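Have a look at the structure below, then the notes.
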Amino acid sequence: MKRDIAIIGAGLGGLTAALALLAAGWRVRVYEQAAVLGEVGAGISLSSGAGRALAGFGLGPALLAASLPIPDIAFVHYQTGEVLAGTLHTAPPPDFGFAKSRHIHRADLHEILLSAVRALDPDSIITGRRLEAIEETPDGVTARFVDGTTARAEMLIGADGARSAVRRHLFGDGAPEFAGQIAFRCLIPRAVAEPFMAGGNAVVSIGEKRIFNRYVIRAGSLVNVIGIAQSALWQQEGWSIPATNAEFAAEFAGFHPDVIGLIGCAPPQSLIKWGLFVRPPLPQWSRGRVLLIGDAAHPMLPFLGLGAATAIEDGIVLARVLGLGLGLEDAFQVFQRARQARVELVRTQTIRQGEIIQGAGPGRADMASSPSQQVDLFDYDPVAAPLV
């Protein structure tokens with residue numbers, strides 16, 4: 001007999017959890033507040049370990065076709081373009097499959113996961129459901145939505161991001177804290193960006209309190225651009241606030257001409273900005289029949305590009321733990337113990353990476369100790385990692 005799980009949030013972590021749980025025989029319903037699941041986001045990293053784990057569900061060919069191998073990224077001086085670490089690659093790097101991490105458009109990864117979940121159960125994803133309240137009883141949990149509908153399940157998984165409504169229900173710990181960083185992002189057609197791509201396909205320009213990262217995605221047809229600058233103030237709400245080329249350029253004044261050139265040719269309609277926010281580590285990720293995963297439990301800054309990977313890992317490890325046949329609260333505790341050391345390592349090393357690449361006077365000695373050079377951070381295998 002199938003048992004019921006409700007998942008709040010149809011992001012990468014929620015969909016991965018749904019895929020792994022459906023494959024294991026659970027009855028899953030994913031409730032997403034957006035009315036339509038469409039093309040959202042830009043380029044992200046898919047770690048080698050997360051890629052191999054998803055390939056185990058038969059997604060390997062689709063993922064390989066939609067992504068590009070991450071070459072030996074070049075970290076360069078923001079003004080001169082001098083290589084501080086890594087290697088410049090202007091030709092496509094060799095493709096070693098999931099032996100290496102890969103770059104992919106978030107929307108492409110999301111669509112691959114969405115299709116896989118719907119192939120197992122076409123009715124498993126319900127959109128237009130904004131969570132309002134959660135009610136627990138000895139034999140189940142009920143989610144109440146703003147539109148008046150409800151959902152009943154044996155357990156509820158909060159996969160609804162850093163501003164999680166499920167987390168607020170569990171712990172009431174307030175909003176995330178501004179991390180003192182503002183990010184700008186855009187996608188530029190490669191043909192338009194070409195005059196400013198002489199430095200290679202994947203380059204991070206390192207400057208004091210600022211970094212500028214760009215790499216190619218979608219078979220090399222798009223250049224994903226993200227610039228992150230330290231800032232004392234952020235008063236706006238939202239994750240996708242329209243920005244202008246002029247304000248983006250002003251934040252990165254003094255950077256190499258290729259950086260300024262890329263900012264100048266960014267399509268204004270695709271240029272957005274947002275503040276980066278953090279939360280202190282939670283001592284407990286669950287209460288009763290409700291569990292947090294992904295950014296709802298442990299939001300990450302973007303400096304190592306492992307936020308998506310850790311959410312995917314959570315979904316796969318959760319399905320493994322629930323297959324052990326433990327009582328619900330015991331299972332949730334085993335899940336947290338299995339994951340906590342991993343996500344805390346990623347969290348602290350991500351902070352360390354930011355300190356190095358935004359430090360004053362970046363140089364070779366600093367980059368030699370960069371967490372980005374630690375292969376084990378990216379090769380974690382959620383299928384084989386010990387559970388107890």
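How things are named: the first chain in the structure tokens is A, the next is B, and so on; residues count from 1 in each chain; ligands count from 1 in the order shown.
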| task | Write out as an NGL selection string all residues of region 108-303 of chain A that DSSP puts in alpha helix (DSSP H) for this structure's backbone. | result | :A and (108-120 or 165-171 or 190-193 or 245-251 or 257-264)
Same residues, N, CA and C atoms, output as an mmCIF file, in the first residue's frame:
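The resulting part-v9.cif:
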```
data_model
loop_
_atom_site.group_PDB
_atom_site.id
_atom_site.type_symbol
_atom_site.label_atom_id
_atom_site.label_comp_id
_atom_site.auth_asym_id
_atom_site.auth_seq_id
_atom_site.Cartn_x
_atom_site.Cartn_y
_atom_site.Cartn_z
ATOM 1 N N ASP A 108 16.447 24.312 -17.770
ATOM 2 C CA ASP A 108 16.595 23.028 -18.453
ATOM 3 C C ASP A 108 16.634 21.885 -17.448
ATOM 4 N N LEU A 109 17.378 22.068 -16.350
ATOM 5 C CA LEU A 109 17.420 21.039 -15.314
ATOM 6 C C LEU A 109 16.044 20.865 -14.689
ATOM 7 N N HIS A 110 15.367 21.968 -14.441
ATOM 8 C CA HIS A 110 14.027 21.904 -13.849
ATOM 9 C C HIS A 110 13.072 21.147 -14.760
ATOM 10 N N GLU A 111 13.125 21.407 -16.048
ATOM 11 C CA GLU A 111 12.234 20.735 -16.994
ATOM 12 C C GLU A 111 12.528 19.238 -17.073
ATOM 13 N N ILE A 112 13.796 18.862 -17.010
ATOM 14 C CA ILE A 112 14.157 17.433 -17.028
ATOM 15 C C ILE A 112 13.586 16.738 -15.795
ATOM 16 N N LEU A 113 13.720 17.354 -14.635
ATOM 17 C CA LEU A 113 13.172 16.775 -13.408
ATOM 18 C C LEU A 113 11.643 16.746 -13.458
ATOM 19 N N LEU A 114 11.043 17.822 -13.924
ATOM 20 C CA LEU A 114 9.589 17.915 -14.003
ATOM 21 C C LEU A 114 9.024 16.812 -14.903
ATOM 22 N N SER A 115 9.645 16.613 -16.042
ATOM 23 C CA SER A 115 9.186 15.577 -16.971
ATOM 24 C C SER A 115 9.327 14.187 -16.367
ATOM 25 N N ALA A 116 10.430 13.976 -15.629
ATOM 26 C CA ALA A 116 10.652 12.657 -15.019
ATOM 27 C C ALA A 116 9.626 12.371 -13.935
ATOM 28 N N VAL A 117 9.294 13.385 -13.138
ATOM 29 C CA VAL A 117 8.289 13.211 -12.082
ATOM 30 C C VAL A 117 6.925 12.923 -12.706
ATOM 31 N N ARG A 118 6.554 13.690 -13.709
ATOM 32 C CA ARG A 118 5.247 13.490 -14.350
ATOM 33 C C ARG A 118 5.163 12.173 -15.095
ATOM 34 N N ALA A 119 6.293 11.666 -15.554
ATOM 35 C CA ALA A 119 6.280 10.358 -16.208
ATOM 36 C C ALA A 119 5.930 9.251 -15.214
ATOM 37 N N LEU A 120 6.321 9.429 -13.957
ATOM 38 C CA LEU A 120 5.983 8.448 -12.930
ATOM 39 C C LEU A 120 4.572 8.635 -12.400
ATOM 40 N N ALA A 165 7.732 29.153 3.913
ATOM 41 C CA ALA A 165 6.543 29.248 4.752
ATOM 42 C C ALA A 165 6.465 28.071 5.711
ATOM 43 N N VAL A 166 6.985 26.914 5.290
ATOM 44 C CA VAL A 166 6.992 25.747 6.174
ATOM 45 C C VAL A 166 7.927 25.996 7.355
ATOM 46 N N ARG A 167 9.078 26.537 7.099
ATOM 47 C CA ARG A 167 10.024 26.862 8.177
ATOM 48 C C ARG A 167 9.402 27.862 9.156
ATOM 49 N N ARG A 168 8.719 28.858 8.617
ATOM 50 C CA ARG A 168 8.067 29.843 9.478
ATOM 51 C C ARG A 168 7.039 29.162 10.379
ATOM 52 N N HIS A 169 6.303 28.198 9.835
ATOM 53 C CA HIS A 169 5.332 27.446 10.638
ATOM 54 C C HIS A 169 6.026 26.650 11.741
ATOM 55 N N LEU A 170 7.138 26.022 11.403
ATOM 56 C CA LEU A 170 7.820 25.174 12.382
ATOM 57 C C LEU A 170 8.487 25.971 13.486
ATOM 58 N N PHE A 171 9.228 27.015 13.109
ATOM 59 C CA PHE A 171 10.129 27.643 14.059
ATOM 60 C C PHE A 171 9.916 29.147 14.244
ATOM 61 N N ARG A 190 25.671 34.323 -27.191
ATOM 62 C CA ARG A 190 27.120 34.191 -27.397
ATOM 63 C C ARG A 190 27.598 35.029 -28.578
ATOM 64 N N ALA A 191 26.802 35.101 -29.626
ATOM 65 C CA ALA A 191 27.211 35.877 -30.798
ATOM 66 C C ALA A 191 27.399 37.350 -30.451
ATOM 67 N N VAL A 192 26.578 37.863 -29.536
ATOM 68 C CA VAL A 192 26.690 39.260 -29.109
ATOM 69 C C VAL A 192 27.889 39.442 -28.184
ATOM 70 N N ALA A 193 28.107 38.449 -27.319
ATOM 71 C CA ALA A 193 29.175 38.540 -26.313
ATOM 72 C C ALA A 193 30.555 38.249 -26.872
ATOM 73 N N ASN A 245 21.913 48.543 -17.216
ATOM 74 C CA ASN A 245 23.310 48.341 -17.579
ATOM 75 C C ASN A 245 24.199 49.362 -16.879
ATOM 76 N N ALA A 246 23.688 50.569 -16.706
ATOM 77 C CA ALA A 246 24.497 51.633 -16.103
ATOM 78 C C ALA A 246 24.792 51.334 -14.638
ATOM 79 N N GLU A 247 23.795 50.886 -13.877
ATOM 80 C CA GLU A 247 24.077 50.622 -12.467
ATOM 81 C C GLU A 247 24.941 49.377 -12.296
ATOM 82 N N PHE A 248 24.787 48.389 -13.169
ATOM 83 C CA PHE A 248 25.648 47.214 -13.153
ATOM 84 C C PHE A 248 27.087 47.645 -13.421
ATOM 85 N N ALA A 249 27.283 48.459 -14.462
ATOM 86 C CA ALA A 249 28.631 48.927 -14.814
ATOM 87 C C ALA A 249 29.238 49.766 -13.700
ATOM 88 N N ALA A 250 28.415 50.568 -13.027
ATOM 89 C CA ALA A 250 28.930 51.419 -11.958
ATOM 90 C C ALA A 250 29.477 50.590 -10.800
ATOM 91 N N GLU A 251 28.819 49.467 -10.490
ATOM 92 C CA GLU A 251 29.293 48.598 -9.413
ATOM 93 C C GLU A 251 30.637 47.965 -9.755
ATOM 94 N N PRO A 257 38.348 45.670 -19.449
ATOM 95 C CA PRO A 257 37.434 46.086 -20.521
ATOM 96 C C PRO A 257 36.481 44.988 -20.997
ATOM 97 N N ASP A 258 36.908 43.728 -20.943
ATOM 98 C CA ASP A 258 35.998 42.655 -21.358
ATOM 99 C C ASP A 258 34.789 42.556 -20.420
ATOM 100 N N VAL A 259 35.019 42.795 -19.133
ATOM 101 C CA VAL A 259 33.911 42.775 -18.174
ATOM 102 C C VAL A 259 32.949 43.917 -18.460
ATOM 103 N N ILE A 260 33.487 45.112 -18.616
ATOM 104 C CA ILE A 260 32.640 46.271 -18.892
ATOM 105 C C ILE A 260 31.926 46.100 -20.231
ATOM 106 N N GLY A 261 32.603 45.488 -21.191
ATOM 107 C CA GLY A 261 31.975 45.247 -22.485
ATOM 108 C C GLY A 261 30.810 44.288 -22.391
ATOM 109 N N LEU A 262 30.966 43.219 -21.615
ATOM 110 C CA LEU A 262 29.865 42.278 -21.437
ATOM 111 C C LEU A 262 28.682 42.941 -20.749
ATOM 112 N N ILE A 263 28.946 43.732 -19.736
ATOM 113 C CA ILE A 263 27.856 44.433 -19.051
ATOM 114 C C ILE A 263 27.135 45.359 -20.023
ATOM 115 N N GLY A 264 27.897 46.024 -20.868
ATOM 116 C CA GLY A 264 27.289 46.959 -21.815
ATOM 117 C C GLY A 264 26.401 46.293 -22.846
#
```
| field | Nearest to Gly161 (chain A), chosen from A:Ala23, A:Ile73, A:Leu12, A:Val334, with only C-alpha atoms counted in the distances | value | A:Leu12
Please report, as CSV, each residue of region 320-380 of chain A lying at most 12 Å from region 224-230 of chain A, together with the nearest pair of atoms and the separation in Å rounded to one decimal; use only C-alpha atoms, and order rows by chain and ascending residue number.
```
residue,atom,partner,partner_atom,distance
A:Gly354,CA,A:Ile228,CA,9.9
A:Glu355,CA,A:Gln230,CA,10.9
A:Ile357,CA,A:Ile228,CA,10.6
A:Gln358,CA,A:Gln230,CA,8.4
A:Gly359,CA,A:Gln230,CA,10.8
```
Any chance you can output those residues with C-alpha atoms as a short mmCIF file (atom, residue, chain, number, x, y, z; two decimals), in the first residue's frame?
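The resulting file, part23.cif, is shown below:
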```cif
data_model
loop_
_atom_site.label_atom_id
_atom_site.label_comp_id
_atom_site.auth_asym_id
_atom_site.auth_seq_id
_atom_site.Cartn_x
_atom_site.Cartn_y
_atom_site.Cartn_z
CA GLY A 354 33.73 34.34 -0.81
CA GLU A 355 36.32 35.75 1.59
CA ILE A 357 37.76 35.85 -4.00
CA GLN A 358 36.47 39.14 -2.63
CA GLY A 359 39.54 39.81 -0.51
#
```
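Counting from CA of Glu177 (chain A), the distance to CA of Leu282 (chain A) is 14.0 Å.
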| message | Among region 49-192 of chain A, which residues does DSSP mark as strand (DSSP E) when it is run on the backbone? Keep the chain and numbering as in the structure and answer as a ChimeraX atom specification. | response | /A:67-69,74-77,83-85,102-105,125-126,131-137,140-145,150-153,155-158,177-189
| query | Smallest atom-to-atom distance to Ala50 (chain A): which of A:Leu63, A:Leu345, A:Leu37, A:Ala10, using only C-alpha atoms? | reply | A:Leu63
| note | Correct to one decimal, the distance CA of Gly51 (chain A)-CA of Ala338 (chain A) is 19.6 Å
